[in-house]
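Structure record follows, encoded as structure tokens.
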Amino acid sequence: MPKNYLSQAKVLIVDDEPSNVRLLERILALAGCAEVKGITDSRNALGLLLDFDPDIVLLDMNMPHFDGFAIMNQFQAVLDPDVYLPILVLTADITAETKRKALASGAKDFVIKPIDQSEVILRIKNLIENRFLHLEMQRQNAMLEQQVRERTARLETALTELRSTQEQVVKQERLRALGMMAGGIAHDFNNALTMMLGYGELLLPWVRDKASPRETAYLDHMIDAAKDAATVVSRLRDFYRPAENNEIRVPVDLNAVVERVVSLTSPKWKGKCLADGVQIDVRMNLQDIPYVLGNASELREVLTNLIFNSVDAMPTGGVITIGTHQASEGVVVSITDTGSGMTESEREQCLEPFFTTKGEGGTGLGLSVVYGIVQRHGGKIDIVSQVGVGTTFSVGLPATSATECIQELPAERVDRSLRVLVVDDQEIINELLAEHLKADGHVTACAQNGQEALGFFRTDSFDLVITDQSMPGMNGVQLAGAIKECSPKTKVILLTGFGEEMMAAGGCPAGVDMVVGKPVSHENLRNAIFQTMASRELLESVS
């Protein structure tokens with residue numbers, strides 16, 4: 001900043017003597033001060049202060065109307081406390097009391113009348129310098145405060161991003177842990193489901209011939225439940241690996257799905273709740289609606305989760321109403337309960353993975369699974385909830401123009417008898433697969449490990465080998481490689497609970513012709529054998 005502060009300053013002179021005002025104006029002009037305003041009527045001082053915004057005030061003390069003390073009090077009343085406006089008092093009264101009172105009223109310095117030209121200029125320059133240094137300090141402080149605000153804002157943004165990143169890392173670690181857990185339990189769980197589904201299907205023809213329709217329905221429910229459980233196990237991998245885009249959608253009767261789910265879930269909302277002394281009524285209000293394009297098993301999973309969620313929200317009982325209706329965007333199925341309801345914050349977060357209001361009793365996965373399935377079906381979820389009143393989940397799904405539901409096509413089967421070697425370290429699964437194969441006219445042999453299977457090849461020949469992957473000593477892939485070395489034409493189907501993971505990792509391993517995931521139904525096994533053997537026969541006919 002330039003040192004000649006006086007040339008930049010604005011000076012206000014308040015003195016009732018016109019000669020004193022003219023004298024001060026000439027002195028300031030000679031000193032290089034270009035902007036000076038003087039008045040002789042003290043009543044105009046406050047207005048001129050506000051209009052002129054001076055850098056220094058030269059103020060006489062003894063004036064009519066308002067003396068110097070009154071004017072300083074007026075100035076203090078309107079000026080911001082942070083504003084530094086120096087006031088130079090011009091007075092002939094040099095008593096200590098006058099000085100004390102003037103300083104208390106806001107004066108910064110004194111000039112004794114009659115004034116000395118050099119003295120008054122020096123005092124004015126000193127006060128103006130202080131004024132401009134104070135203004136510069138305020139500007140620097142404002143700049144520093146602005147920089148602090150900007151840096152604080154950047155830090156807050158960085159902190160928010162860091163927290164978001166930390167949350168994502170925590171979520172990813174949770175998902176990774178869930179994936180490891182899912183991979184660990186999938187094999188054993190799928191083995192159990194294989195037996196449930198397999199023996200259920202073996203019983204089904206006999207039950208249909210011998211038992212009542214009600215008992216047949218019971219077995220149908222058991223088989224559907226096993227298939228749905230297999231879908232749930234498969235769905236766990238969606239938390240740690242993206243789903244493929246090759247999912248098959250067929251026209252589904254949503255009303256029939258609702259009726260089946262109400263029947264399947266009745267042991268919880270009816271039997272268990274009654275045992276606990278709680279009354280829950282489930283009511284259906286199903287309208288005529290078109291079919292939706294989807295996966296019936298996944299839609300059953302959606303409704304099952306929502307019903308169980310409603311049951312958990314009504315610990316003292318209540319009513320669950322399930323309705324369907326046609327809307328402009330397609331078909332809507334709604335599940336309304338009279339439970340505890342959710343706060344707005346809970347409603348906004350309830351679809352997020354691992355969010356739960358059930359404490360240690362909840363996993364926080366049910367509704368996120370529901371959301372994922374609905375998204376994959378091209379649908380949407382609307383949630384209305386009020387604390388103490390209840391909650392309504394409305395699931396909208398696109399309708400299809402198909403006029404009737406597509407039934408599952410019968411599996412294609414090989415039109416000749418095959419010699420099949422079944423290899424699994426669980427004897428009961430060997431027996432189950434052998435029963436399925438014998439029902440289709442094939443000849444089977446069973447081995448419980450890789451070495452035993454290779455022993456069969458030393459004395460016999462086989463068209464097909466169906467082997468488990470996880471076995472002691474020699475796993476399924478190693479066995480397939482050994483079989484191909486001694487019998488290249490023998491087809492190998494790898495039957496494993498890790499089927500989807502294997503195919504996602506890079507397709508069939510060396511020596512394996514097809515990977516089939518557990519649990520496998522009779523129809524799926526029949527199709528797998530047909531596809532595997534058809535490719536062999538095609539190659540043989542070409543050669």
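Chain lettering (A, B, ...) mirrors the order of the structure tokens, residue numbering begins at 1 for each chain separately, and ligand numbering begins at 1 in order of display.
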Surrounding residues of Phe462 in chain A excluding itself and chain neighbours under 4 positions, 10 Å, only C-alpha atoms, as a PyMOL selection string: chain A and resi 418-421+443-445+456-457+487+489-491
Now that the selection is made, can you save its residues with N, CA, C and O atoms as a PDB file, in the first residue's frame?
ATOM      1  N   LEU A 418     -28.035 -96.257 -21.245  1.00  0.00           N
ATOM      2  CA  LEU A 418     -26.627 -95.912 -21.060  1.00  0.00           C
ATOM      3  C   LEU A 418     -26.070 -96.644 -19.860  1.00  0.00           C
ATOM      4  O   LEU A 418     -26.794 -96.967 -18.903  1.00  0.00           O
ATOM      5  N   ARG A 419     -24.765 -96.894 -19.916  1.00  0.00           N
ATOM      6  CA  ARG A 419     -24.066 -97.390 -18.730  1.00  0.00           C
ATOM      7  C   ARG A 419     -23.454 -96.169 -18.044  1.00  0.00           C
ATOM      8  O   ARG A 419     -22.609 -95.473 -18.616  1.00  0.00           O
ATOM      9  N   VAL A 420     -23.909 -95.904 -16.823  1.00  0.00           N
ATOM     10  CA  VAL A 420     -23.554 -94.665 -16.119  1.00  0.00           C
ATOM     11  C   VAL A 420     -22.873 -95.013 -14.803  1.00  0.00           C
ATOM     12  O   VAL A 420     -23.378 -95.849 -14.015  1.00  0.00           O
ATOM     13  N   LEU A 421     -21.733 -94.376 -14.549  1.00  0.00           N
ATOM     14  CA  LEU A 421     -21.036 -94.517 -13.273  1.00  0.00           C
ATOM     15  C   LEU A 421     -21.326 -93.259 -12.439  1.00  0.00           C
ATOM     16  O   LEU A 421     -21.039 -92.130 -12.876  1.00  0.00           O
ATOM     17  N   VAL A 443     -28.374 -98.228 -16.946  1.00  0.00           N
ATOM     18  CA  VAL A 443     -27.697 -99.181 -16.061  1.00  0.00           C
ATOM     19  C   VAL A 443     -26.642 -98.410 -15.272  1.00  0.00           C
ATOM     20  O   VAL A 443     -25.859 -97.650 -15.854  1.00  0.00           O
ATOM     21  N   THR A 444     -26.619 -98.593 -13.953  1.00  0.00           N
ATOM     22  CA  THR A 444     -25.745 -97.750 -13.130  1.00  0.00           C
ATOM     23  C   THR A 444     -24.799 -98.586 -12.277  1.00  0.00           C
ATOM     24  O   THR A 444     -25.068 -99.745 -11.953  1.00  0.00           O
ATOM     25  N   ALA A 445     -23.695 -97.929 -11.918  1.00  0.00           N
ATOM     26  CA  ALA A 445     -22.780 -98.424 -10.894  1.00  0.00           C
ATOM     27  C   ALA A 445     -22.408 -97.219 -10.036  1.00  0.00           C
ATOM     28  O   ALA A 445     -22.385 -96.083 -10.514  1.00  0.00           O
ATOM     29  N   PHE A 456     -13.400 -99.201 -11.308  1.00  0.00           N
ATOM     30  CA  PHE A 456     -14.464 -99.710 -12.173  1.00  0.00           C
ATOM     31  C   PHE A 456     -14.030 -99.685 -13.645  1.00  0.00           C
ATOM     32  O   PHE A 456     -14.407-100.559 -14.432  1.00  0.00           O
ATOM     33  N   PHE A 457     -13.233 -98.688 -14.030  1.00  0.00           N
ATOM     34  CA  PHE A 457     -12.829 -98.549 -15.420  1.00  0.00           C
ATOM     35  C   PHE A 457     -11.825 -99.635 -15.837  1.00  0.00           C
ATOM     36  O   PHE A 457     -11.647 -99.877 -17.019  1.00  0.00           O
ATOM     37  N   SER A 487     -10.137 -93.195 -21.165  1.00  0.00           N
ATOM     38  CA  SER A 487     -11.314 -93.396 -22.014  1.00  0.00           C
ATOM     39  C   SER A 487     -11.798 -92.043 -22.528  1.00  0.00           C
ATOM     40  O   SER A 487     -12.750 -91.477 -22.004  1.00  0.00           O
ATOM     41  N   LYS A 489     -13.568 -91.029 -24.929  1.00  0.00           N
ATOM     42  CA  LYS A 489     -14.933 -90.878 -25.417  1.00  0.00           C
ATOM     43  C   LYS A 489     -15.968 -90.835 -24.296  1.00  0.00           C
ATOM     44  O   LYS A 489     -17.130 -90.475 -24.538  1.00  0.00           O
ATOM     45  N   THR A 490     -15.610 -91.227 -23.110  1.00  0.00           N
ATOM     46  CA  THR A 490     -16.564 -91.226 -21.996  1.00  0.00           C
ATOM     47  C   THR A 490     -16.883 -89.789 -21.576  1.00  0.00           C
ATOM     48  O   THR A 490     -16.001 -88.983 -21.318  1.00  0.00           O
ATOM     49  N   LYS A 491     -18.176 -89.481 -21.528  1.00  0.00           N
ATOM     50  CA  LYS A 491     -18.616 -88.152 -21.137  1.00  0.00           C
ATOM     51  C   LYS A 491     -18.632 -88.034 -19.609  1.00  0.00           C
ATOM     52  O   LYS A 491     -18.944 -89.006 -18.910  1.00  0.00           O
TER      53      LYS A 491
END
I need the residues in range 302-360 of chain A that are strand (DSSP E) according to DSSP; give them as a PDB file with N, CA, C and O atoms, in the first residue's frame.
ATOM      1  N   GLY A 318     -52.487 -59.348  14.527  1.00  0.00           N
ATOM      2  CA  GLY A 318     -53.001 -58.353  13.597  1.00  0.00           C
ATOM      3  C   GLY A 318     -53.496 -59.006  12.320  1.00  0.00           C
ATOM      4  O   GLY A 318     -53.772 -60.208  12.275  1.00  0.00           O
ATOM      5  N   VAL A 319     -53.589 -58.189  11.270  1.00  0.00           N
ATOM      6  CA  VAL A 319     -54.139 -58.650   9.996  1.00  0.00           C
ATOM      7  C   VAL A 319     -53.151 -58.334   8.876  1.00  0.00           C
ATOM      8  O   VAL A 319     -52.602 -57.222   8.811  1.00  0.00           O
ATOM      9  N   ILE A 320     -52.923 -59.313   8.005  1.00  0.00           N
ATOM     10  CA  ILE A 320     -52.140 -59.106   6.786  1.00  0.00           C
ATOM     11  C   ILE A 320     -53.086 -59.252   5.606  1.00  0.00           C
ATOM     12  O   ILE A 320     -53.773 -60.272   5.477  1.00  0.00           O
ATOM     13  N   THR A 321     -53.136 -58.234   4.758  1.00  0.00           N
ATOM     14  CA  THR A 321     -54.004 -58.256   3.587  1.00  0.00           C
ATOM     15  C   THR A 321     -53.133 -58.252   2.336  1.00  0.00           C
ATOM     16  O   THR A 321     -52.305 -57.358   2.154  1.00  0.00           O
ATOM     17  N   ILE A 322     -53.329 -59.259   1.495  1.00  0.00           N
ATOM     18  CA  ILE A 322     -52.573 -59.366   0.244  1.00  0.00           C
ATOM     19  C   ILE A 322     -53.545 -59.160  -0.900  1.00  0.00           C
ATOM     20  O   ILE A 322     -54.538 -59.886  -1.022  1.00  0.00           O
ATOM     21  N   GLY A 323     -53.275 -58.154  -1.708  1.00  0.00           N
ATOM     22  CA  GLY A 323     -54.167 -57.851  -2.819  1.00  0.00           C
ATOM     23  C   GLY A 323     -53.429 -57.718  -4.127  1.00  0.00           C
ATOM     24  O   GLY A 323     -52.229 -57.412  -4.163  1.00  0.00           O
ATOM     25  N   THR A 324     -54.117 -57.972  -5.212  1.00  0.00           N
ATOM     26  CA  THR A 324     -53.557 -57.766  -6.550  1.00  0.00           C
ATOM     27  C   THR A 324     -54.547 -56.927  -7.354  1.00  0.00           C
ATOM     28  O   THR A 324     -55.767 -57.041  -7.179  1.00  0.00           O
ATOM     29  N   HIS A 325     -54.035 -56.085  -8.220  1.00  0.00           N
ATOM     30  CA  HIS A 325     -54.888 -55.326  -9.129  1.00  0.00           C
ATOM     31  C   HIS A 325     -54.069 -54.880 -10.329  1.00  0.00           C
ATOM     32  O   HIS A 325     -52.840 -54.844 -10.275  1.00  0.00           O
ATOM     33  N   GLN A 326     -54.773 -54.566 -11.400  1.00  0.00           N
ATOM     34  CA  GLN A 326     -54.114 -54.098 -12.608  1.00  0.00           C
ATOM     35  C   GLN A 326     -53.970 -52.587 -12.552  1.00  0.00           C
ATOM     36  O   GLN A 326     -54.882 -51.870 -12.127  1.00  0.00           O
ATOM     37  N   ALA A 327     -52.808 -52.099 -12.928  1.00  0.00           N
ATOM     38  CA  ALA A 327     -52.534 -50.667 -12.952  1.00  0.00           C
ATOM     39  C   ALA A 327     -52.030 -50.279 -14.331  1.00  0.00           C
ATOM     40  O   ALA A 327     -51.772 -51.138 -15.185  1.00  0.00           O
ATOM     41  N   GLY A 330     -48.801 -51.906 -15.216  1.00  0.00           N
ATOM     42  CA  GLY A 330     -48.734 -53.360 -15.216  1.00  0.00           C
ATOM     43  C   GLY A 330     -49.610 -53.957 -14.142  1.00  0.00           C
ATOM     44  O   GLY A 330     -50.812 -53.663 -14.056  1.00  0.00           O
ATOM     45  N   VAL A 331     -49.014 -54.794 -13.291  1.00  0.00           N
ATOM     46  CA  VAL A 331     -49.729 -55.479 -12.221  1.00  0.00           C
ATOM     47  C   VAL A 331     -49.099 -55.099 -10.891  1.00  0.00           C
ATOM     48  O   VAL A 331     -47.875 -55.003 -10.781  1.00  0.00           O
ATOM     49  N   VAL A 332     -49.939 -54.884  -9.885  1.00  0.00           N
ATOM     50  CA  VAL A 332     -49.459 -54.516  -8.555  1.00  0.00           C
ATOM     51  C   VAL A 332     -49.947 -55.552  -7.550  1.00  0.00           C
ATOM     52  O   VAL A 332     -51.129 -55.901  -7.527  1.00  0.00           O
ATOM     53  N   VAL A 333     -49.024 -56.055  -6.748  1.00  0.00           N
ATOM     54  CA  VAL A 333     -49.382 -56.905  -5.619  1.00  0.00           C
ATOM     55  C   VAL A 333     -48.970 -56.150  -4.363  1.00  0.00           C
ATOM     56  O   VAL A 333     -47.852 -55.657  -4.249  1.00  0.00           O
ATOM     57  N   SER A 334     -49.887 -56.024  -3.410  1.00  0.00           N
ATOM     58  CA  SER A 334     -49.639 -55.251  -2.195  1.00  0.00           C
ATOM     59  C   SER A 334     -49.797 -56.129  -0.974  1.00  0.00           C
ATOM     60  O   SER A 334     -50.676 -56.992  -0.921  1.00  0.00           O
ATOM     61  N   ILE A 335     -48.928 -55.909   0.004  1.00  0.00           N
ATOM     62  CA  ILE A 335     -48.975 -56.619   1.285  1.00  0.00           C
ATOM     63  C   ILE A 335     -49.101 -55.571   2.378  1.00  0.00           C
ATOM     64  O   ILE A 335     -48.186 -54.767   2.584  1.00  0.00           O
ATOM     65  N   THR A 336     -50.230 -55.545   3.050  1.00  0.00           N
ATOM     66  CA  THR A 336     -50.512 -54.541   4.080  1.00  0.00           C
ATOM     67  C   THR A 336     -50.647 -55.233   5.430  1.00  0.00           C
ATOM     68  O   THR A 336     -51.358 -56.240   5.553  1.00  0.00           O
ATOM     69  N   ASP A 337     -49.952 -54.692   6.434  1.00  0.00           N
ATOM     70  CA  ASP A 337     -50.084 -55.235   7.791  1.00  0.00           C
ATOM     71  C   ASP A 337     -50.546 -54.138   8.737  1.00  0.00           C
ATOM     72  O   ASP A 337     -50.474 -52.948   8.428  1.00  0.00           O
TER      73      ASP A 337
END
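Near Met196 in chain A, within a cut-off of 12 Å and counting only C-alpha atoms, sit the residues A:Phe189, A:Asn190, A:Asn191, A:Glu201, A:Leu202, A:Leu203, A:Leu219, A:Asp220, A:His221, A:Met222, A:Ile223, A:Asp224, A:Ala225, A:Ala226, A:Lys227, A:Asp228, A:Ala229, A:Ala230, A:Ile428, A:Ile429, A:Leu432, A:Lys518, A:Pro519, A:Val520, A:Ser521, A:His522, with same-chain residues fewer than 5 positions away left out.
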Do a neighbour search on Val477 in chain A at 7 Å with only C-alpha atoms, toss out local chain neighbours closer than 4 positions, and write the hits as a ChimeraX atom specification. /A:469,481,509,512
Spatial neighbours of range 2-11 of chain A, 7 Å, only C-alpha atoms, chain gap at least 3 places, as a short mmCIF file (atom, residue, chain, number, x, y, z; two decimals) with C-alpha atoms, in the first residue's frame:
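Saved to selection-v4.cif:
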data_model
loop_
_atom_site.label_atom_id
_atom_site.label_comp_id
_atom_site.auth_asym_id
_atom_site.auth_seq_id
_atom_site.Cartn_x
_atom_site.Cartn_y
_atom_site.Cartn_z
CA GLY A 32 -2.19 16.65 -0.71
CA CYS A 33 -5.60 15.66 0.62
CA ALA A 34 -7.98 15.89 -2.32
CA GLU A 35 -11.35 15.07 -0.71
CA VAL A 36 -12.46 17.25 2.20
CA LYS A 37 -15.94 18.24 3.35
CA PRO A 54 -14.99 9.68 5.97
CA ASP A 55 -11.68 8.20 7.04
CA ILE A 56 -11.18 10.81 9.80
CA VAL A 57 -13.32 13.43 11.55
CA LYS A 125 -1.42 11.60 9.11
CA ILE A 128 -5.22 8.18 8.96
CA GLU A 129 -2.33 5.71 8.80
#
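You can rank A:Thr95, A:Gln166, A:Asn305, A:Gln448 by their closest distance to Ile466 in chain A using only C-alpha atoms, and at the top of that list sits A:Gln448.
You can rank A:Tyr371, A:Asp209, A:Met143, A:Gly277 by their closest distance to Glu352 in chain A using only C-alpha atoms, and at the top of that list sits A:Tyr371.
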Proximity of range 372-443 of chain A to range 278-298 of chain A: per-residue shortest pair, 7 Å limit, only C-alpha atoms, as a Markdown table:
| residue | atom | partner | partner_atom | distance |
| --- | --- | --- | --- | --- |
| A:Ile373 | CA | A:Glu298 | CA | 6.7 |
| A:His377 | CA | A:Gly294 | CA | 6.3 |
| A:Leu397 | CA | A:Val292 | CA | 6.7 |
| A:Pro398 | CA | A:Val292 | CA | 6.0 |
| A:Ala399 | CA | A:Val292 | CA | 4.4 |
| A:Thr400 | CA | A:Val292 | CA | 5.2 |
| A:Ala402 | CA | A:Tyr291 | CA | 6.9 |
Export of prior selection with N, CA, C and O atoms as a tab-separated table (two decimals), in the first residue's frame:
chain	number	residue	atom	x	y	z
A	373	ILE	N	-34.64	-58.66	-6.52
A	373	ILE	CA	-35.46	-59.48	-7.41
A	373	ILE	C	-36.43	-58.60	-8.20
A	373	ILE	O	-36.59	-58.77	-9.42
A	377	HIS	N	-36.72	-57.90	-12.30
A	377	HIS	CA	-37.96	-58.12	-13.04
A	377	HIS	C	-38.45	-56.85	-13.72
A	377	HIS	O	-39.54	-56.86	-14.33
A	397	LEU	N	-45.16	-54.80	-11.20
A	397	LEU	CA	-44.44	-55.65	-12.16
A	397	LEU	C	-45.03	-55.46	-13.54
A	397	LEU	O	-46.26	-55.28	-13.69
A	398	PRO	N	-44.20	-55.50	-14.58
A	398	PRO	CA	-44.72	-55.37	-15.94
A	398	PRO	C	-45.60	-56.56	-16.31
A	398	PRO	O	-45.29	-57.71	-15.97
A	399	ALA	N	-46.72	-56.28	-16.97
A	399	ALA	CA	-47.60	-57.35	-17.43
A	399	ALA	C	-47.11	-57.87	-18.78
A	399	ALA	O	-46.35	-57.22	-19.48
A	400	THR	N	-47.56	-59.07	-19.11
A	400	THR	CA	-47.22	-59.65	-20.41
A	400	THR	C	-48.49	-59.83	-21.21
A	400	THR	O	-49.59	-60.00	-20.65
A	402	ALA	N	-49.13	-62.38	-23.01
A	402	ALA	CA	-49.47	-63.80	-23.15
A	402	ALA	C	-50.83	-64.07	-22.52
A	402	ALA	O	-51.16	-63.54	-21.47
